[in-house]
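my_file-v4.cif, holding mmCIF, C-alpha atoms:
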data_model
#
loop_
_atom_site.label_atom_id
_atom_site.label_comp_id
_atom_site.auth_asym_id
_atom_site.auth_seq_id
_atom_site.Cartn_x
_atom_site.Cartn_y
_atom_site.Cartn_z
CA VAL A 113 102.35 61.47 119.98
CA PRO A 114 101.20 59.23 122.82
CA THR A 115 102.63 55.84 121.73
CA MET A 116 106.06 57.12 120.73
CA ARG A 117 108.99 55.14 122.12
CA ALA A 118 111.13 56.93 124.69
CA ASP A 119 114.21 57.19 122.46
CA ALA A 120 112.15 58.50 119.54
CA ARG A 121 110.61 61.08 121.88
CA ARG A 122 114.08 62.10 123.02
CA ASN A 123 115.21 62.51 119.42
CA LEU A 124 112.18 64.59 118.59
CA ASP A 125 112.69 66.87 121.59
CA ALA A 126 116.38 67.23 120.72
CA VAL A 127 115.55 68.18 117.13
CA VAL A 128 113.03 70.84 118.19
CA GLU A 129 115.48 72.24 120.71
CA ALA A 130 118.26 72.24 118.10
CA ALA A 131 116.00 73.92 115.55
CA ARG A 132 115.14 76.62 118.08
CA THR A 133 118.84 77.30 118.66
CA VAL A 134 119.84 77.20 115.00
CA PHE A 135 116.88 79.33 113.84
CA ALA A 136 117.77 81.91 116.50
CA GLU A 137 121.39 82.01 115.34
CA GLN A 138 121.05 81.62 111.56
CA GLY A 139 117.41 82.37 110.77
CA VAL A 140 114.70 79.99 109.66
CA ASP A 141 116.41 79.25 106.35
CA ALA A 142 119.34 77.58 108.12
CA PRO A 143 120.47 74.27 106.54
CA VAL A 144 118.64 71.20 107.85
CA ARG A 145 122.07 69.58 108.14
CA ALA A 146 123.07 72.17 110.78
CA ILE A 147 119.96 71.37 112.82
CA ALA A 148 120.57 67.60 112.63
CA ALA A 149 124.19 68.11 113.71
CA GLU A 150 123.18 70.34 116.63
CA ALA A 151 120.63 67.71 117.70
CA GLY A 152 123.11 64.82 117.31
CA VAL A 153 120.78 62.90 114.97
CA GLY A 154 121.01 61.93 111.33
CA VAL A 155 119.39 64.01 108.63
CA GLY A 156 117.17 60.99 107.85
CA THR A 157 115.85 60.96 111.40
CA LEU A 158 115.13 64.67 111.20
CA TYR A 159 113.21 64.30 107.94
CA ARG A 160 111.25 61.34 109.34
CA HIS A 161 109.88 63.53 112.14
CA PHE A 162 109.68 66.77 110.14
CA PRO A 163 109.23 66.15 106.40
CA GLN A 164 108.90 69.90 105.68
CA ARG A 165 110.80 72.84 107.11
CA ALA A 166 107.43 74.35 108.02
CA ASP A 167 106.83 71.35 110.33
CA LEU A 168 109.95 72.31 112.26
CA VAL A 169 108.97 75.97 112.46
CA VAL A 170 105.53 75.00 113.76
CA ALA A 171 107.12 72.67 116.33
CA VAL A 172 109.51 75.35 117.58
CA PHE A 173 106.71 77.91 117.82
CA THR A 174 104.22 75.65 119.60
CA GLN A 175 106.93 74.36 121.95
CA ALA A 176 107.77 77.96 122.89
CA VAL A 177 104.08 78.75 123.47
CA ASP A 178 103.64 75.64 125.60
CA ALA A 179 106.73 76.38 127.69
CA CYS A 180 105.58 79.95 128.32
CA ALA A 181 102.02 78.92 129.20
CA ALA A 182 103.33 76.23 131.55
CA GLU A 183 105.11 78.85 133.67
CA ALA A 184 101.84 80.54 134.64
CA PRO A 185 100.63 78.00 137.23
CA ARG A 186 104.18 77.70 138.56
CA TYR A 187 104.42 81.46 139.16
CA ALA A 188 100.89 81.47 140.63
CA ALA A 189 101.93 78.83 143.14
CA GLU A 190 105.20 80.50 144.13
CA LEU A 191 104.57 84.25 144.11
CA ALA A 192 102.06 86.81 145.36
CA PRO A 193 99.40 87.48 142.70
CA GLY A 194 100.79 90.84 141.49
CA GLU A 195 104.34 89.47 141.43
CA ALA A 196 103.23 86.37 139.53
CA LEU A 197 101.51 88.52 136.92
CA ALA A 198 104.60 90.71 136.52
CA ALA A 199 107.00 87.76 136.40
CA TRP A 200 104.97 86.00 133.75
CA LEU A 201 104.66 89.09 131.53
CA ARG A 202 108.46 89.41 131.67
CA ARG A 203 108.75 85.70 130.85
CA PHE A 204 106.46 86.31 127.89
CA LEU A 205 109.12 88.69 126.53
CA GLY A 206 111.37 85.66 126.10
CA PHE A 207 108.68 84.02 124.02
CA VAL A 208 108.37 87.15 121.89
CA ALA A 209 112.10 86.95 121.10
CA THR A 210 111.58 83.38 119.81
CA LYS A 211 108.62 84.58 117.80
CA ARG A 212 110.71 87.34 116.23
CA GLY A 213 113.26 84.80 115.04
CA LEU A 214 110.44 83.00 113.26
CA ALA A 215 108.75 86.13 111.98
CA GLY A 216 110.02 85.79 108.43
CA ALA A 217 108.44 82.36 108.13
CA LEU A 218 105.29 83.17 110.10
CA HIS A 219 104.49 86.18 107.89
CA SER A 220 105.33 84.39 104.64
CA GLY A 221 101.68 83.55 103.96
CA ASP A 222 102.52 79.82 103.98
CA PRO A 223 99.22 78.10 104.94
CA SER A 224 101.19 75.76 107.24
CA TYR A 225 101.32 78.65 109.68
CA ALA A 226 97.70 79.78 109.44
CA ALA A 227 96.70 78.11 112.74
CA LEU A 228 99.56 79.54 114.82
CA PRO A 229 97.99 82.87 115.84
CA ASP A 230 95.01 80.96 117.25
CA TYR A 231 97.35 78.53 118.99
CA PHE A 232 99.22 81.47 120.48
CA LEU A 233 96.12 83.26 121.76
CA GLY A 234 94.39 80.05 122.74
CA HIS A 235 97.22 79.03 125.06
CA LEU A 236 98.81 82.27 126.26
CA GLY A 237 95.52 84.17 126.62
CA PRO A 238 94.09 81.79 129.26
CA ALA A 239 97.50 81.48 130.99
CA LEU A 240 97.63 85.25 131.41
CA ALA A 241 93.92 85.54 132.23
CA GLU A 242 94.33 83.28 135.25
CA LEU A 243 97.24 85.34 136.63
CA TYR A 244 95.58 88.65 135.82
CA ASP A 245 92.22 87.70 137.37
CA ALA A 246 93.98 86.52 140.54
CA ALA A 247 95.94 89.78 140.75
CA VAL A 248 92.76 91.83 140.23
CA ALA A 249 90.92 89.79 142.87
CA ALA A 250 93.78 90.42 145.31
CA GLY A 251 93.66 94.18 144.62
CA GLU A 252 97.11 93.98 143.03
CA ALA A 253 96.20 94.90 139.45
CA LYS A 254 93.75 97.27 137.80
CA PRO A 255 90.58 95.59 136.53
CA GLY A 256 89.12 95.94 133.06
CA TYR A 257 91.85 94.85 130.66
CA GLU A 258 91.76 92.01 128.18
CA PRO A 259 94.56 89.40 128.19
CA ARG A 260 94.81 89.69 124.41
CA GLN A 261 95.29 93.47 124.69
CA LEU A 262 98.06 93.03 127.26
CA LEU A 263 99.85 90.33 125.24
CA THR A 264 99.78 92.52 122.15
CA ALA A 265 101.02 95.54 124.07
CA VAL A 266 103.98 93.64 125.53
CA ALA A 267 104.81 92.16 122.13
CA ASN A 268 104.68 95.60 120.48
CA LEU A 269 106.87 97.16 123.17
CA ALA A 270 109.38 94.32 122.96
CA HIS A 271 109.84 95.15 119.29
CA SER A 272 112.04 98.14 120.11
CA ASP A 273 112.87 97.27 123.72
CA PRO A 274 113.95 93.63 124.06
CA SER A 275 115.45 94.37 127.50
CA GLY A 276 111.96 95.04 128.83
CA THR A 277 112.48 98.51 130.31
CA MET A 278 109.26 99.81 128.77
CA VAL A 279 107.39 96.59 129.52
CA ASP A 280 108.31 97.11 133.18
CA LEU A 281 106.70 100.57 133.06
CA LEU A 282 103.54 99.07 131.57
CA ILE A 283 103.49 96.39 134.26
CA GLU A 284 103.92 98.97 136.99
CA GLY A 285 101.05 100.97 135.52
CA LEU A 286 98.92 97.84 135.50
CA ARG A 287 99.78 97.08 139.12
CA THR A 288 99.19 100.61 140.39
CA ALA A 289 96.00 100.83 142.42
CA ARG A 290 93.37 102.82 140.54
CA VAL B 41 108.86 131.68 103.93
CA PRO B 42 109.27 135.08 105.59
CA THR B 43 108.40 137.38 102.71
CA MET B 44 105.32 135.50 101.53
CA ARG B 45 102.22 137.63 101.06
CA ALA B 46 99.39 136.99 103.49
CA ASP B 47 97.04 135.51 100.89
CA ALA B 48 99.75 133.21 99.55
CA ARG B 49 100.50 132.09 103.10
CA ARG B 50 96.78 131.39 103.65
CA ASN B 51 96.68 129.34 100.45
CA LEU B 52 99.73 127.36 101.48
CA ASP B 53 98.30 126.62 104.94
CA ALA B 54 94.98 125.64 103.39
CA VAL B 55 96.68 123.23 100.98
CA VAL B 56 98.69 121.52 103.76
CA GLU B 57 95.56 121.24 105.90
CA ALA B 58 93.60 119.86 102.91
CA ALA B 59 96.38 117.38 102.11
CA ARG B 60 96.35 116.18 105.72
CA THR B 61 92.60 115.57 105.53
CA VAL B 62 92.61 113.95 102.09
CA PHE B 63 95.65 111.76 102.85
CA ALA B 64 93.93 110.57 106.03
CA GLU B 65 90.75 109.72 104.14
CA GLN B 66 92.12 108.40 100.83
CA GLY B 67 95.78 107.64 101.46
CA VAL B 68 98.84 109.44 100.14
CA ASP B 69 98.09 108.50 96.54
CA ALA B 70 94.90 110.58 96.53
CA PRO B 71 94.42 112.74 93.40
CA VAL B 72 95.99 116.20 93.60
CA ARG B 73 92.71 117.52 92.22
CA ALA B 74 90.91 116.32 95.38
CA ILE B 75 93.40 118.16 97.59
CA ALA B 76 93.08 121.37 95.57
CA ALA B 77 89.29 121.15 95.76
CA GLU B 78 89.37 120.55 99.53
CA ALA B 79 91.68 123.56 99.93
CA GLY B 80 89.56 125.78 97.67
CA VAL B 81 92.49 126.60 95.38
CA GLY B 82 93.29 125.81 91.78
CA VAL B 83 95.48 122.87 90.84
CA GLY B 84 97.98 125.38 89.40
CA THR B 85 98.30 127.11 92.77
CA LEU B 86 98.85 123.77 94.45
CA TYR B 87 101.60 122.77 92.03
CA ARG B 88 103.26 126.19 92.39
CA HIS B 89 103.69 125.57 96.13
CA PHE B 90 104.28 121.81 95.92
CA PRO B 91 105.75 120.72 92.58
CA GLN B 92 106.04 117.08 93.73
CA ARG B 93 103.67 114.95 95.79
CA ALA B 94 106.59 114.26 98.14
CA ASP B 95 106.73 118.00 98.92
CA LEU B 96 103.15 117.80 100.18
CA VAL B 97 103.83 114.68 102.26
CA VAL B 98 106.86 116.36 103.85
CA ALA B 99 104.79 119.49 104.55
CA VAL B 100 102.00 117.48 106.21
CA PHE B 101 104.48 115.51 108.30
CA THR B 102 106.55 118.47 109.47
CA GLN B 103 103.41 120.51 110.18
CA ALA B 104 102.15 117.65 112.41
CA VAL B 105 105.51 117.45 114.20
CA ASP B 106 105.55 121.23 114.73
CA ALA B 107 101.97 121.28 116.05
CA CYS B 108 102.73 118.46 118.51
CA ALA B 109 106.00 120.02 119.71
CA ALA B 110 104.29 123.39 120.16
CA GLU B 111 101.86 121.88 122.69
CA ALA B 112 104.66 121.04 125.13
CA PRO B 113 105.31 124.55 126.50
CA ARG B 114 101.56 125.18 126.57
CA TYR B 115 100.95 122.09 128.73
CA ALA B 116 103.96 122.98 130.90
CA ALA B 117 102.46 126.40 131.58
CA GLU B 118 98.94 125.15 132.31
CA LEU B 119 99.35 121.85 134.16
CA ALA B 120 101.27 120.31 137.04
CA PRO B 121 104.48 118.67 135.76
CA GLY B 122 103.24 115.06 135.91
CA GLU B 123 99.94 116.01 134.30
CA ALA B 124 101.68 117.99 131.57
CA LEU B 125 103.89 115.00 130.77
CA ALA B 126 100.89 112.66 130.61
CA ALA B 127 98.79 115.07 128.55
CA TRP B 128 101.55 115.57 126.03
CA LEU B 129 102.24 111.83 125.61
CA ARG B 130 98.53 111.37 124.89
CA ARG B 131 98.69 114.28 122.44
CA PHE B 132 101.64 112.54 120.77
CA LEU B 133 99.28 109.65 120.01
CA GLY B 134 97.41 111.99 117.69
CA PHE B 135 100.63 112.70 115.86
CA VAL B 136 101.30 108.96 115.54
CA ALA B 137 97.94 108.56 113.80
CA THR B 138 98.98 111.18 111.23
CA LYS B 139 102.28 109.42 110.80
CA ARG B 140 100.53 106.12 110.18
CA GLY B 141 98.50 107.67 107.35
CA LEU B 142 101.77 108.69 105.73
CA ALA B 143 103.60 105.44 106.48
CA GLY B 144 103.32 104.08 102.96
CA ALA B 145 105.11 107.11 101.58
CA LEU B 146 107.59 107.49 104.44
CA HIS B 147 108.77 103.89 104.10
CA SER B 148 108.93 103.97 100.30
CA GLY B 149 112.67 104.66 100.30
CA ASP B 150 112.08 107.94 98.43
CA PRO B 151 115.10 110.14 99.33
CA SER B 152 112.72 113.10 99.73
CA TYR B 153 111.79 111.60 103.09
CA ALA B 154 115.28 110.73 104.33
CA ALA B 155 115.47 113.75 106.67
CA LEU B 156 112.09 113.21 108.34
CA PRO B 157 113.14 110.80 111.13
CA ASP B 158 115.75 113.33 112.25
CA TYR B 159 113.18 116.11 112.03
CA PHE B 160 110.81 114.03 114.15
CA LEU B 161 113.37 113.21 116.87
CA GLY B 162 114.97 116.64 116.70
CA HIS B 163 111.69 118.39 117.48
CA LEU B 164 109.67 115.93 119.56
CA GLY B 165 112.61 114.62 121.58
CA PRO B 166 113.45 118.03 123.12
CA ALA B 167 109.74 118.84 123.59
CA LEU B 168 109.28 115.66 125.60
CA ALA B 169 112.62 116.03 127.41
CA GLU B 170 111.56 119.37 128.83
CA LEU B 171 108.28 117.97 130.19
CA TYR B 172 109.90 114.78 131.44
CA ASP B 173 112.78 116.55 133.20
CA ALA B 174 110.34 118.92 134.90
CA ALA B 175 108.19 115.97 136.06
CA VAL B 176 111.26 114.13 137.38
CA ALA B 177 112.47 117.28 139.16
CA ALA B 178 109.03 117.61 140.79
CA GLY B 179 109.11 113.97 141.92
CA GLU B 180 106.20 113.22 139.59
CA ALA B 181 107.97 110.83 137.21
CA LYS B 182 110.61 108.13 137.52
CA PRO B 183 114.10 109.26 136.49
CA GLY B 184 116.39 107.48 134.08
CA TYR B 185 114.45 107.17 130.82
CA GLU B 186 115.36 108.58 127.43
CA PRO B 187 112.82 110.73 125.54
CA ARG B 188 113.54 108.73 122.38
CA GLN B 189 112.77 105.47 124.20
CA LEU B 190 109.45 106.84 125.48
CA LEU B 191 108.45 108.21 122.07
CA THR B 192 109.19 104.86 120.44
CA ALA B 193 107.29 102.96 123.13
CA VAL B 194 104.18 105.12 122.74
CA ALA B 195 104.36 104.84 118.96
CA ASN B 196 104.70 101.05 119.15
CA LEU B 197 101.79 100.74 121.57
CA ALA B 198 99.62 103.01 119.46
CA HIS B 199 100.07 100.59 116.58
CA SER B 200 97.54 98.15 118.08
CA ASP B 201 95.86 100.51 120.54
CA PRO B 202 94.96 103.83 118.91
CA SER B 203 92.58 104.63 121.79
CA GLY B 204 95.55 104.87 124.13
CA THR B 205 94.44 102.42 126.82
CA MET B 206 97.86 100.77 126.94
CA VAL B 207 99.67 104.09 126.61
CA ASP B 208 97.81 105.23 129.72
CA LEU B 209 99.18 102.21 131.61
CA LEU B 210 102.69 103.05 130.48
CA ILE B 211 102.21 106.67 131.56
CA GLU B 212 100.92 105.58 134.96
CA GLY B 213 103.95 103.33 135.35
CA LEU B 214 106.19 106.25 134.47
CA ARG B 215 104.47 108.54 136.97
CA THR B 216 104.49 106.03 139.82
CA ALA B 217 107.02 106.98 142.48
CA ARG B 218 109.95 104.56 142.48
#
Could I get this file's structure written as C-alpha cells?
Amino acid sequence: VPTMRADARRNLDAVVEAARTVFAEQGVDAPVRAIAAEAGVGVGTLYRHFPQRADLVVAVFTQAVDACAAEAPRYAAELAPGEALAAWLRRFLGFVATKRGLAGALHSGDPSYAALPDYFLGHLGPALAELYDAAVAAGEAKPGYEPRQLLTAVANLAHSDPSGTMVDLLIEGLRTAR
Amino acid sequence: VPTMRADARRNLDAVVEAARTVFAEQGVDAPVRAIAAEAGVGVGTLYRHFPQRADLVVAVFTQAVDACAAEAPRYAAELAPGEALAAWLRRFLGFVATKRGLAGALHSGDPSYAALPDYFLGHLGPALAELYDAAVAAGEAKPGYEPRQLLTAVANLAHSDPSGTMVDLLIEGLRTAR
C-alpha cells in the first residue's frame, strides 16, 4: 500500500499485530471487537482495512512469513554459515506456531486462503535456500537437500515438539559432515 | 491361542497377512471376500476367526507392532549399538507405513481401537529404549531423550518423507557425540 498515510499505516500494522495476538489466545473465530480493542482502533477502522475476517487471517499469515524470511539475511550477516542455518530453522519454529493458530482457517477450504501455501514456499523457500547453500559451500552442512523438504520436516516435527528438541537433532544431523 | 491346531493357526496367520496386503492396496473398507481369496480360505473361516472387521484391523496392527518390536533384540545381537539403534528406527518407518494404511479406521473413534495406542507404546517404547540405552552406554548416541519422543518424531517425519531421508538426518543428529 505505497501511498498510505503514516497514521493509516500505523493503524493497519497495529490491527495485524493485535489480530495475531488475539488469534493466538482465542483462535481465529475471536470477536472482531476484541481485535479492535487490542489494537486501540475503532471497529469501523478495522473493517475499513479488513472487510472480511479472511483478510485479517491472510494479513497475519503473510506478515509472519515476511518477518521470518527477513531474518535470513540478518542471520547470514551476523553468524557463521552453519550457525545461521541452525538459528533460522529454530526461528522458523516460531512461524510454525503462528501457522498452527491459523490452521483451522487455513484448512477450511475457503478460497481466500488458496494462495497462502505458494506465498509460504515462495518466501521461506528462497530464504532458507540462501542460508543452506552458504552452509554447504562452507562445508558446514550436508549437500543434497531441498529447502522445501527441510521446511516440511521442521514443521512436522514441531507438531508434537514445539520446544524444538527434535528439530535440534535434525539440525545437528544436517550439520554433521558427511 | 495356545491350544489352536496347526492348520487353524496357519489359516489365521494367512488371513492376517492377507488383510495386511489387501488393506494396504484397497484401504480398510476392502471387501472381506477379497481378503479371504487372498488368504486362500473360505469367507466362513475368515468370519470364524474375525467376526468383525475391527477384529481384523486390530490383528493387522498388533501383528505389525509385534514384528517391529521383535527386530530390536535381533539388531542388538548383530550390530554395534549405534548401528542397531539406527537400523531399528529405519525399520520403524516400515511400521509407520502400515499404521498409515489403517489410519482411517484407527481414528474413527471405534472403541475396538481404544487400546491400540497403549499397545503401540507398550511394545515399541521398551524395544527402542533397550537399543537407545545401549547406544548411549556405548557413547554412540546422545543421552537424555525419551523413546516416546523419538518414536513420535520419526512417525511425524515419515508423514511427508516415507523414504526416510529426513529420518536419517534425525538419526545422525542423535548419534552425533555431544
Surrounding residues of Arg73 of chain B excluding itself and chain neighbours under 4 positions, 9 Å, only C-alpha atoms, as a PyMOL selection string: chain B and resi 77-78+82-83
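Selection check: the PyMOL selection byres ((chain B and resi 139-154) around 8) on the shown file gives Phe63, Ala64, Gly67, Val68, Ala94, Asp95, Val97, Val98, Phe101, Phe135, Val136, Ala137, Thr138, Ala155, Leu156 and Pro157 of chain B.
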To verify the selection step, state as number ranges by chain which residues the PyMOL selection byres ((chain A) within 6 of (chain B)) yields on this input. A: 265, 268-269, 281-282, 284-286
Taking the file above as input, evaluate the PyMOL selection byres ((chain B and resi 105) around 8) and report the hits as JSON, numbers by chain. {"B": [101, 102, 103, 104, 106, 107, 108, 109, 135, 160, 163, 164]}
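Reported to one decimal place, the separation of atom CA of Leu125 of chain B from atom CA of Gly165 of chain B is 12.7 Å.
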Any idea what's packed within 7 Å of segment 114-124 of chain B, counting only C-alpha atoms, ignoring anything in its chain fewer than 5 positions away? Could you give it as a ChimeraX atom specification? /B:171,174-175,178,180-181,215
The coordinates of chain A, once least-squares superposed on chain B over all sequentially paired C-alpha atoms, should be supplied as a compact mmCIF listing (two decimals) with C-alpha atoms, in the coordinates of the input.
# COMPACT_ATOMS: atom_id res chain seq x y z
CA VAL A 113 109.03 131.44 103.87
CA PRO A 114 109.51 134.79 105.58
CA THR A 115 108.61 137.22 102.75
CA MET A 116 105.50 135.39 101.58
CA ARG A 117 102.42 137.56 101.11
CA ALA A 118 99.58 136.97 103.56
CA ASP A 119 97.19 135.52 100.98
CA ALA A 120 99.87 133.19 99.61
CA ARG A 121 100.59 132.05 103.17
CA ARG A 122 96.89 131.41 103.70
CA ASN A 123 96.73 129.35 100.52
CA LEU A 124 99.75 127.34 101.54
CA ASP A 125 98.34 126.62 104.99
CA ALA A 126 95.00 125.64 103.46
CA VAL A 127 96.69 123.24 101.03
CA VAL A 128 98.69 121.53 103.79
CA GLU A 129 95.59 121.24 105.94
CA ALA A 130 93.60 119.87 102.99
CA ALA A 131 96.35 117.39 102.16
CA ARG A 132 96.36 116.18 105.76
CA THR A 133 92.61 115.57 105.60
CA VAL A 134 92.61 113.95 102.17
CA PHE A 135 95.65 111.74 102.91
CA ALA A 136 93.95 110.57 106.11
CA GLU A 137 90.76 109.71 104.23
CA GLN A 138 92.11 108.38 100.91
CA GLY A 139 95.78 107.62 101.52
CA VAL A 140 98.82 109.43 100.20
CA ASP A 141 98.08 108.48 96.60
CA ALA A 142 94.89 110.56 96.60
CA PRO A 143 94.40 112.71 93.46
CA VAL A 144 95.99 116.17 93.67
CA ARG A 145 92.70 117.50 92.30
CA ALA A 146 90.89 116.30 95.46
CA ILE A 147 93.40 118.15 97.65
CA ALA A 148 93.07 121.38 95.63
CA ALA A 149 89.27 121.16 95.84
CA GLU A 150 89.35 120.55 99.60
CA ALA A 151 91.67 123.56 99.99
CA GLY A 152 89.55 125.78 97.71
CA VAL A 153 92.51 126.60 95.45
CA GLY A 154 93.30 125.82 91.85
CA VAL A 155 95.46 122.87 90.90
CA GLY A 156 97.97 125.37 89.45
CA THR A 157 98.31 127.08 92.81
CA LEU A 158 98.85 123.74 94.50
CA TYR A 159 101.58 122.74 92.04
CA ARG A 160 103.26 126.14 92.41
CA HIS A 161 103.72 125.55 96.15
CA PHE A 162 104.26 121.78 95.95
CA PRO A 163 105.71 120.68 92.60
CA GLN A 164 106.01 117.04 93.76
CA ARG A 165 103.64 114.93 95.81
CA ALA A 166 106.56 114.23 98.14
CA ASP A 167 106.70 117.99 98.92
CA LEU A 168 103.13 117.78 100.19
CA VAL A 169 103.82 114.68 102.27
CA VAL A 170 106.85 116.37 103.83
CA ALA A 171 104.77 119.48 104.56
CA VAL A 172 101.99 117.49 106.22
CA PHE A 173 104.48 115.51 108.31
CA THR A 174 106.53 118.50 109.45
CA GLN A 175 103.38 120.52 110.17
CA ALA A 176 102.12 117.67 112.38
CA VAL A 177 105.48 117.49 114.19
CA ASP A 178 105.52 121.25 114.72
CA ALA A 179 101.95 121.31 116.04
CA CYS A 180 102.69 118.49 118.49
CA ALA A 181 105.95 120.06 119.70
CA ALA A 182 104.22 123.42 120.15
CA GLU A 183 101.80 121.91 122.68
CA ALA A 184 104.60 121.07 125.12
CA PRO A 185 105.22 124.58 126.50
CA ARG A 186 101.47 125.19 126.58
CA TYR A 187 100.87 122.10 128.72
CA ALA A 188 103.88 123.00 130.90
CA ALA A 189 102.37 126.40 131.58
CA GLU A 190 98.87 125.13 132.33
CA LEU A 191 99.27 121.82 134.17
CA ALA A 192 101.22 120.28 137.04
CA PRO A 193 104.44 118.68 135.77
CA GLY A 194 103.23 115.05 135.89
CA GLU A 195 99.91 115.99 134.30
CA ALA A 196 101.65 117.97 131.56
CA LEU A 197 103.87 115.01 130.75
CA ALA A 198 100.88 112.66 130.60
CA ALA A 199 98.76 115.06 128.54
CA TRP A 200 101.51 115.58 126.01
CA LEU A 201 102.22 111.86 125.59
CA ARG A 202 98.51 111.36 124.87
CA ARG A 203 98.65 114.28 122.42
CA PHE A 204 101.60 112.57 120.76
CA LEU A 205 99.27 109.65 119.98
CA GLY A 206 97.38 112.00 117.66
CA PHE A 207 100.61 112.72 115.85
CA VAL A 208 101.29 108.99 115.52
CA ALA A 209 97.92 108.55 113.79
CA THR A 210 98.96 111.19 111.21
CA LYS A 211 102.27 109.43 110.80
CA ARG A 212 100.52 106.12 110.16
CA GLY A 213 98.52 107.66 107.34
CA LEU A 214 101.80 108.67 105.74
CA ALA A 215 103.59 105.43 106.50
CA GLY A 216 103.32 104.04 102.98
CA ALA A 217 105.11 107.08 101.59
CA LEU A 218 107.59 107.46 104.45
CA HIS A 219 108.77 103.85 104.13
CA SER A 220 108.92 103.92 100.33
CA GLY A 221 112.66 104.63 100.32
CA ASP A 222 112.05 107.90 98.44
CA PRO A 223 115.07 110.10 99.34
CA SER A 224 112.70 113.07 99.73
CA TYR A 225 111.77 111.58 103.09
CA ALA A 226 115.26 110.73 104.33
CA ALA A 227 115.45 113.77 106.65
CA LEU A 228 112.06 113.22 108.33
CA PRO A 229 113.12 110.83 111.11
CA ASP A 230 115.73 113.37 112.23
CA TYR A 231 113.15 116.15 112.01
CA PHE A 232 110.79 114.07 114.13
CA LEU A 233 113.34 113.27 116.83
CA GLY A 234 114.93 116.69 116.67
CA HIS A 235 111.65 118.44 117.46
CA LEU A 236 109.62 115.98 119.53
CA GLY A 237 112.59 114.69 121.55
CA PRO A 238 113.41 118.09 123.10
CA ALA A 239 109.69 118.90 123.55
CA LEU A 240 109.24 115.72 125.58
CA ALA A 241 112.58 116.10 127.37
CA GLU A 242 111.52 119.44 128.82
CA LEU A 243 108.24 118.02 130.18
CA TYR A 244 109.86 114.82 131.41
CA ASP A 245 112.75 116.60 133.18
CA ALA A 246 110.28 118.95 134.89
CA ALA A 247 108.16 116.00 136.04
CA VAL A 248 111.24 114.17 137.34
CA ALA A 249 112.43 117.30 139.15
CA ALA A 250 109.00 117.63 140.78
CA GLY A 251 109.09 113.98 141.92
CA GLU A 252 106.20 113.20 139.57
CA ALA A 253 107.96 110.84 137.17
CA LYS A 254 110.63 108.16 137.46
CA PRO A 255 114.11 109.31 136.44
CA GLY A 256 116.41 107.55 134.02
CA TYR A 257 114.47 107.25 130.77
CA GLU A 258 115.37 108.67 127.39
CA PRO A 259 112.81 110.80 125.50
CA ARG A 260 113.55 108.83 122.33
CA GLN A 261 112.80 105.55 124.15
CA LEU A 262 109.48 106.90 125.43
CA LEU A 263 108.44 108.27 122.02
CA THR A 264 109.20 104.94 120.39
CA ALA A 265 107.33 103.02 123.07
CA VAL A 266 104.20 105.16 122.69
CA ALA A 267 104.38 104.89 118.91
CA ASN A 268 104.75 101.10 119.08
CA LEU A 269 101.84 100.76 121.52
CA ALA A 270 99.64 103.02 119.41
CA HIS A 271 100.12 100.60 116.53
CA SER A 272 97.62 98.14 118.01
CA ASP A 273 95.92 100.48 120.48
CA PRO A 274 94.99 103.80 118.85
CA SER A 275 92.60 104.58 121.73
CA GLY A 276 95.57 104.83 124.07
CA THR A 277 94.49 102.36 126.77
CA MET A 278 97.92 100.74 126.87
CA VAL A 279 99.70 104.08 126.55
CA ASP A 280 97.83 105.19 129.67
CA LEU A 281 99.22 102.17 131.55
CA LEU A 282 102.74 103.07 130.42
CA ILE A 283 102.22 106.66 131.52
CA GLU A 284 100.95 105.56 134.90
CA GLY A 285 103.99 103.32 135.29
CA LEU A 286 106.22 106.25 134.42
CA ARG A 287 104.48 108.50 136.94
CA THR A 288 104.52 105.96 139.77
CA ALA A 289 107.04 106.91 142.43
CA ARG A 290 109.96 104.48 142.41
Kindly provide, as JSON, the centre and edge lengths (Å, one decimal) of an axis-aligned box around all atoms of segment 83-93 of chain B given in the file, with 5 Å on each side.
{"center_x": 100.8, "center_y": 121.0, "center_z": 92.8, "size_x": 20.6, "size_y": 22.2, "size_z": 16.7}
To one decimal place, how far is atom CA of Arg131 of chain B from atom CA of Val176 of chain B in Å? 19.5 Å
Out of A:Ala130, A:Ala182, A:Ala241, A:Leu233, which residue has the shortest atom-to-atom distance to Ala142 of chain A when counting only C-alpha atoms? A:Ala130
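The residue that comes closest to Arg50 of chain B, out of B:Gly80, B:Pro71, B:Pro183, B:Gly204 and on the basis of all atoms listed in the file, is B:Gly80.
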